[in-house]
Amino acid sequence: MADDYLVRIGKLIRDARQHRGWTQSQLADALGTSQSAVNRIERGNQNISLEMIARIGEALDSEIVSLGYAGPMHLRVVGGRRLSGAIDVKTSKNACVALLCASLLNKGRTVLRRVARIEEVYRLLEVLNSIGVRTRWINEGVDLEIVPPVRLDMDAMDADAARRTRSIIMFLGPLLHRMDQFRLPYAGGCDLGTRTIEPHMIALRRFGLDITATEGIYHAKVEAGVSPGRPIVLTERGDTVTENALLAAARHDGVTVIRNASSNYMVQDLCFFLEALGVNVEGIGTTTLTVHGVPNIDVDVDYSPSEDPVEAMSLLAAAVVTESELTIRRVPIEFMEIELAVLEEMGLDHDRSAEYTADNDRTRLVDLTVRPSKLEAPIDKIHPMPFPGLNIDNVPFFAAIAAAAQGQTLIHDWVYDNRAIYLTDLNRLGGRLQLLDPHRVLVEGPTRWRAAEMMCPPALRPAVVVLLAMMAAEGTSVLRNVYVINRGYEELAERLNSVGAQIEIFRDI
């Protein structure tokens with residue numbers, strides 16, 4: 001029991017150190033001890049006094065370490081405030097996690113610029129570190145350096161961290177080129193043969209990957225010499241399915257054609273990164289990708305993922321529901337054009353700057369200024385489609401926007417089972433949403449929002465929608481246990497506060 005307790009404390013210290021962007025040596029310098037001592041503490045191999053825990057907490061400015069355990073984080077929101085000024089869109093969460101998985105393709109040093117500092121990224125870093133990959137935050141914690149070992153230690157994988165991120169599925173594509181058999185934990189609910197997993201298997205079997213699943217573990221075996229003899233046709237135009245096929249094709253010695261591929265933003269960023277690794281990818285932005293694989297990738301690469309269109313939509317929705325004038329900078333416009341077309345139909349008053357190029361030299365950006373508008377419900381229903389249609393993850397934000405508009409709006413979230421149900425949480429804040437079935441919600445507007453205290457929905461985007469409604473509601477609201485928001489957004493409360501919101505982060509004592 002004592003040893004287990006030390007391991008838990010060590011993991012808390014390691015997480016806090018990585019969140020601060022420090023190396024073990026930097027923490028050791030601050031404590032006046034050695035790097036090896038810090039390493040033993042983080043591995044749970046050294047007794048640690050309360051005094052030392054307090055010193056570590058002070059050095060890392062971390063309440064979690066100073067208390068010795070992490071309680072759930074909550075938000076206290078004083079609503080009814082107008083936003084003003086300008087706010088930048090952060091880099092794409094979904095691109096960053098794909099690029100972390102893609103770094104396993106490379107034997108050389110990978111540097112990713114302005115990586116999203118979010119829980120999903122931290123979980124993947126924990127997994128990578130546990131199997132021997134060296135990662136460190138550089139340039140004052142802004143950029144991430146990744147250096148792989150000669151041989152991955154898959155038996156040492158942090159299974160708990162792996163099960164907390166569904167992105168772990170994208171390890172399959174790179175790993176099938178590095179070893180002939182391996183095991184990989186999978187997140188609860190991702191059973192082999194379900195709709196979300198089987199499309200991956202269909203694509204990766206063409207590269208010789210065979211998987212059986214028992215007791216929460218994928219048991220993978222790779223048959224050498226297997227090559228796709230004809231184009232791979234994906235049975236689902238999913239983002240992660242396409243990414244896994246790309247990752248498998250990148251080091252395949254030959255030409256792989258992938259049809260019915262997603263052309264969404266994170267897939268394009270992955271293609272640009274693969275090109276930086278020396279892999280030629282034809283058809284980027286289309287549904288047919290032709291990959292000229294490179295069996296041995298050993299290069300030092302420096303890449304900047306582009307901005308997140310879903311975060312851009314979140315910030316736009318924040319301005320709409322709070323009736324604010326707000327400038328949202330670095331918006332990846334090519335992945336927001338349908339959303340803006342729908343909003344223009346509804347009466348959104350906005351301006352956009354001339355286009356300029358993201359740091360990856362490929363993605364087109366604009367600065368978008370949104371002003372208070374009298375919105376009317378759209379004539380047609382709001383529903384997602386694969387890119388270049390309305391983004392699947394942007395659909396929930398239209399629930400809050402429709403609640404601010406005059407009239408009835410039908411939202412049809414046909415992709416995800418039950419996600420639409422979470423949108424009805426807006427009713428506790430004064431919304432008038434009628435659930436027609438697990439995929440369809442009828443929204444009646446306009447809404448007079450009211451403050452409330454409630455638990456955070458377990459789905460990322462509906463959770464943020466609830467937060468935005470609280471920002472619009474007069475009075476003080478409380479949103480409890482917001483870990484799911486931290487999975488996908490970096491310091492969202494602090495950044496909204498910088499443009500006029502009043503959101504306090506707190507924990508139970």
# chains A, B, ... in the order shown; residues from 1 in each chain; ligands from 1
call {"tool": "residues_around", "arguments": {"residues": "Val38 of chain A", "least_positions_apart": "5", "cutoff": "12 Å", "atoms": "only C-alpha atoms", "output": "PyMOL selection string"}}
result
chain A and resi 10-11+13-14+17+22-33+43-48+52-53+56
call {"tool": "write_last_selection", "arguments": {"atoms": "N, CA, C and O atoms", "output": "mmCIF file, in the first residue's frame"}}
result
data_model
loop_
_atom_site.group_PDB
_atom_site.id
_atom_site.type_symbol
_atom_site.label_atom_id
_atom_site.label_comp_id
_atom_site.auth_asym_id
_atom_site.auth_seq_id
_atom_site.Cartn_x
_atom_site.Cartn_y
_atom_site.Cartn_z
ATOM 1 N N GLY A 10 4.239 10.227 -7.042
ATOM 2 C CA GLY A 10 5.226 10.459 -8.110
ATOM 3 C C GLY A 10 4.583 10.855 -9.421
ATOM 4 O O GLY A 10 5.075 11.741 -10.126
ATOM 5 N N LYS A 11 3.463 10.203 -9.754
ATOM 6 C CA LYS A 11 2.761 10.550 -10.993
ATOM 7 C C LYS A 11 2.196 11.965 -10.928
ATOM 8 O O LYS A 11 2.226 12.711 -11.910
ATOM 9 N N ILE A 13 3.445 14.466 -9.230
ATOM 10 C CA ILE A 13 4.581 15.383 -9.368
ATOM 11 C C ILE A 13 5.032 15.450 -10.823
ATOM 12 O O ILE A 13 5.296 16.532 -11.358
ATOM 13 N N ARG A 14 5.120 14.295 -11.471
ATOM 14 C CA ARG A 14 5.522 14.280 -12.881
ATOM 15 C C ARG A 14 4.543 15.073 -13.743
ATOM 16 O O ARG A 14 4.942 15.872 -14.589
ATOM 17 N N ARG A 17 4.996 18.765 -13.132
ATOM 18 C CA ARG A 17 6.243 19.247 -13.742
ATOM 19 C C ARG A 17 6.089 19.414 -15.250
ATOM 20 O O ARG A 17 6.499 20.432 -15.833
ATOM 21 N N TRP A 22 8.734 21.948 -17.339
ATOM 22 C CA TRP A 22 10.081 21.776 -16.797
ATOM 23 C C TRP A 22 10.604 20.375 -17.066
ATOM 24 O O TRP A 22 9.845 19.416 -17.159
ATOM 25 N N THR A 23 11.943 20.276 -17.151
ATOM 26 C CA THR A 23 12.611 18.983 -17.154
ATOM 27 C C THR A 23 12.838 18.552 -15.709
ATOM 28 O O THR A 23 12.696 19.345 -14.765
ATOM 29 N N GLN A 24 13.239 17.297 -15.527
ATOM 30 C CA GLN A 24 13.590 16.834 -14.186
ATOM 31 C C GLN A 24 14.773 17.631 -13.632
ATOM 32 O O GLN A 24 14.824 17.930 -12.436
ATOM 33 N N SER A 25 15.703 17.983 -14.502
ATOM 34 C CA SER A 25 16.873 18.752 -14.063
ATOM 35 C C SER A 25 16.470 20.137 -13.567
ATOM 36 O O SER A 25 17.006 20.633 -12.561
ATOM 37 N N GLN A 26 15.518 20.769 -14.242
ATOM 38 C CA GLN A 26 15.068 22.097 -13.809
ATOM 39 C C GLN A 26 14.389 22.030 -12.440
ATOM 40 O O GLN A 26 14.597 22.899 -11.586
ATOM 41 N N LEU A 27 13.564 21.002 -12.236
ATOM 42 C CA LEU A 27 12.936 20.848 -10.930
ATOM 43 C C LEU A 27 13.986 20.563 -9.860
ATOM 44 O O LEU A 27 13.929 21.099 -8.743
ATOM 45 N N ALA A 28 14.975 19.737 -10.201
ATOM 46 C CA ALA A 28 16.042 19.424 -9.249
ATOM 47 C C ALA A 28 16.797 20.687 -8.846
ATOM 48 O O ALA A 28 17.109 20.886 -7.661
ATOM 49 N N ASP A 29 17.096 21.556 -9.802
ATOM 50 C CA ASP A 29 17.786 22.816 -9.500
ATOM 51 C C ASP A 29 16.960 23.674 -8.549
ATOM 52 O O ASP A 29 17.486 24.287 -7.611
ATOM 53 N N ALA A 30 15.633 23.726 -8.770
ATOM 54 C CA ALA A 30 14.768 24.549 -7.923
ATOM 55 C C ALA A 30 14.698 24.002 -6.499
ATOM 56 O O ALA A 30 14.515 24.760 -5.542
ATOM 57 N N LEU A 31 14.863 22.673 -6.365
ATOM 58 C CA LEU A 31 14.768 22.041 -5.045
ATOM 59 C C LEU A 31 16.125 21.898 -4.372
ATOM 60 O O LEU A 31 16.197 21.521 -3.196
ATOM 61 N N GLY A 32 17.207 22.163 -5.124
ATOM 62 C CA GLY A 32 18.539 21.977 -4.574
ATOM 63 C C GLY A 32 18.902 20.520 -4.397
ATOM 64 O O GLY A 32 19.615 20.142 -3.457
ATOM 65 N N THR A 33 18.434 19.671 -5.303
ATOM 66 C CA THR A 33 18.728 18.245 -5.243
ATOM 67 C C THR A 33 19.210 17.777 -6.610
ATOM 68 O O THR A 33 19.490 18.592 -7.496
ATOM 69 N N ARG A 43 9.159 8.119 -9.970
ATOM 70 C CA ARG A 43 8.914 6.691 -10.213
ATOM 71 C C ARG A 43 8.363 5.989 -8.985
ATOM 72 O O ARG A 43 8.047 4.797 -9.027
ATOM 73 N N GLY A 44 8.227 6.734 -7.868
ATOM 74 C CA GLY A 44 7.710 6.140 -6.639
ATOM 75 C C GLY A 44 8.717 5.288 -5.914
ATOM 76 O O GLY A 44 8.350 4.426 -5.104
ATOM 77 N N ASN A 45 10.007 5.527 -6.182
ATOM 78 C CA ASN A 45 11.065 4.705 -5.600
ATOM 79 C C ASN A 45 11.797 5.388 -4.446
ATOM 80 O O ASN A 45 12.876 4.943 -4.056
ATOM 81 N N GLN A 46 11.241 6.483 -3.937
ATOM 82 C CA GLN A 46 11.909 7.176 -2.844
ATOM 83 C C GLN A 46 10.873 7.714 -1.866
ATOM 84 O O GLN A 46 9.872 8.313 -2.280
ATOM 85 N N ASN A 47 11.109 7.501 -0.577
ATOM 86 C CA ASN A 47 10.237 8.094 0.433
ATOM 87 C C ASN A 47 10.314 9.611 0.338
ATOM 88 O O ASN A 47 11.364 10.182 0.048
ATOM 89 N N ILE A 48 9.189 10.259 0.580
ATOM 90 C CA ILE A 48 9.123 11.705 0.425
ATOM 91 C C ILE A 48 8.347 12.297 1.593
ATOM 92 O O ILE A 48 7.265 11.817 1.943
ATOM 93 N N MET A 52 8.948 18.060 1.782
ATOM 94 C CA MET A 52 9.400 18.028 0.394
ATOM 95 C C MET A 52 8.216 18.189 -0.563
ATOM 96 O O MET A 52 8.323 18.866 -1.591
ATOM 97 N N ILE A 53 7.071 17.575 -0.246
ATOM 98 C CA ILE A 53 5.882 17.744 -1.082
ATOM 99 C C ILE A 53 5.497 19.221 -1.149
ATOM 100 O O ILE A 53 5.173 19.750 -2.219
ATOM 101 N N ILE A 56 7.965 21.066 -3.365
ATOM 102 C CA ILE A 56 7.703 20.781 -4.785
ATOM 103 C C ILE A 56 6.485 21.559 -5.259
ATOM 104 O O ILE A 56 6.480 22.140 -6.343
#
call {"tool": "residues_around", "arguments": {"residues": "Thr165 of chain A", "least_positions_apart": "2", "cutoff": "8 Å", "atoms": "only C-alpha atoms", "output": "PyMOL selection string"}}
result
chain A and resi 120+123-124+161-163+167-168+187
call {"tool": "select_by_dssp", "arguments": {"residues": "segment 320-422 of chain A", "states": "strand (DSSP E)", "output": "ChimeraX atom specification"}}
result
/A:326-332,349-352,356-357,364-371,407-412
call {"tool": "residues_around", "arguments": {"residues": "Ile146 of chain A", "least_positions_apart": "2", "cutoff": "8 Å", "atoms": "only C-alpha atoms", "output": "list of chain:residue names"}}
result
A:Ser103, A:Arg109, A:Thr110, A:Val111, A:Val133, A:Arg134, A:Thr135, A:Arg136, A:Leu144, A:Pro148
call {"tool": "closest_atom_pairs", "arguments": {"of": "segment 332-404 of chain A", "to": "segment 436-446 of chain A", "cutoff": "12 Å", "atoms": "only C-alpha atoms", "output": "CSV"}}
result
residue,atom,partner,partner_atom,distance
A:Lys374,CA,A:Pro446,CA,9.9
A:Leu375,CA,A:Pro446,CA,8.9
A:Glu376,CA,A:Gly445,CA,8.8
A:Ala377,CA,A:Gly445,CA,8.0
A:Pro378,CA,A:Val443,CA,11.2
A:Lys381,CA,A:Leu442,CA,9.5
A:Ile382,CA,A:Arg440,CA,9.8
A:His383,CA,A:Arg440,CA,9.5
A:Pro384,CA,A:His439,CA,11.6
A:Val395,CA,A:Val441,CA,11.2
A:Pro396,CA,A:Val441,CA,10.3
A:Phe398,CA,A:Val443,CA,9.5
A:Ala399,CA,A:Val443,CA,6.8
A:Ala400,CA,A:Val443,CA,8.8
A:Ile401,CA,A:Gly445,CA,9.1
A:Ala402,CA,A:Val443,CA,6.4
A:Ala403,CA,A:Gly445,CA,4.5
A:Ala404,CA,A:Pro446,CA,4.6
call {"tool": "write_last_selection", "arguments": {"atoms": "C-alpha atoms", "output": "PDB file, in the first residue's frame"}}
result
ATOM      1  CA  LYS A 374     -30.514  39.934 -34.471  1.00  0.00           C
ATOM      2  CA  LEU A 375     -30.551  36.323 -35.547  1.00  0.00           C
ATOM      3  CA  GLU A 376     -33.387  34.416 -37.205  1.00  0.00           C
ATOM      4  CA  ALA A 377     -33.666  30.623 -37.142  1.00  0.00           C
ATOM      5  CA  PRO A 378     -32.352  29.047 -40.353  1.00  0.00           C
ATOM      6  CA  LYS A 381     -32.016  22.028 -40.337  1.00  0.00           C
ATOM      7  CA  ILE A 382     -28.479  22.142 -38.956  1.00  0.00           C
ATOM      8  CA  HIS A 383     -26.695  18.892 -39.709  1.00  0.00           C
ATOM      9  CA  PRO A 384     -23.067  17.828 -40.136  1.00  0.00           C
ATOM     10  CA  VAL A 395     -22.900  21.186 -34.516  1.00  0.00           C
ATOM     11  CA  PRO A 396     -23.386  21.505 -30.711  1.00  0.00           C
ATOM     12  CA  PHE A 398     -25.444  25.854 -33.019  1.00  0.00           C
ATOM     13  CA  ALA A 399     -27.675  24.789 -30.109  1.00  0.00           C
ATOM     14  CA  ALA A 400     -26.561  27.828 -28.110  1.00  0.00           C
ATOM     15  CA  ILE A 401     -26.633  30.062 -31.181  1.00  0.00           C
ATOM     16  CA  ALA A 402     -30.114  28.845 -32.182  1.00  0.00           C
ATOM     17  CA  ALA A 403     -31.304  29.514 -28.634  1.00  0.00           C
ATOM     18  CA  ALA A 404     -30.312  33.162 -29.186  1.00  0.00           C
TER      19      ALA A 404
END
call {"tool": "closest_residue", "arguments": {"among": "A:Ala312, A:Val241, A:Ile41, A:Ala98", "to": "Val7 of chain A", "atoms": "only C-alpha atoms"}}
result
A:Ile41
call {"tool": "closest_residue", "arguments": {"among": "A:Arg330, A:Glu42, A:Pro305, A:Arg352", "to": "Arg8 of chain A", "atoms": "only C-alpha atoms"}}
result
A:Glu42
call {"tool": "atom_distance", "arguments": {"atom1": "atom CA of Asp239 of chain A", "atom2": "atom CA of Asp153 of chain A"}}
result
28.1 Å
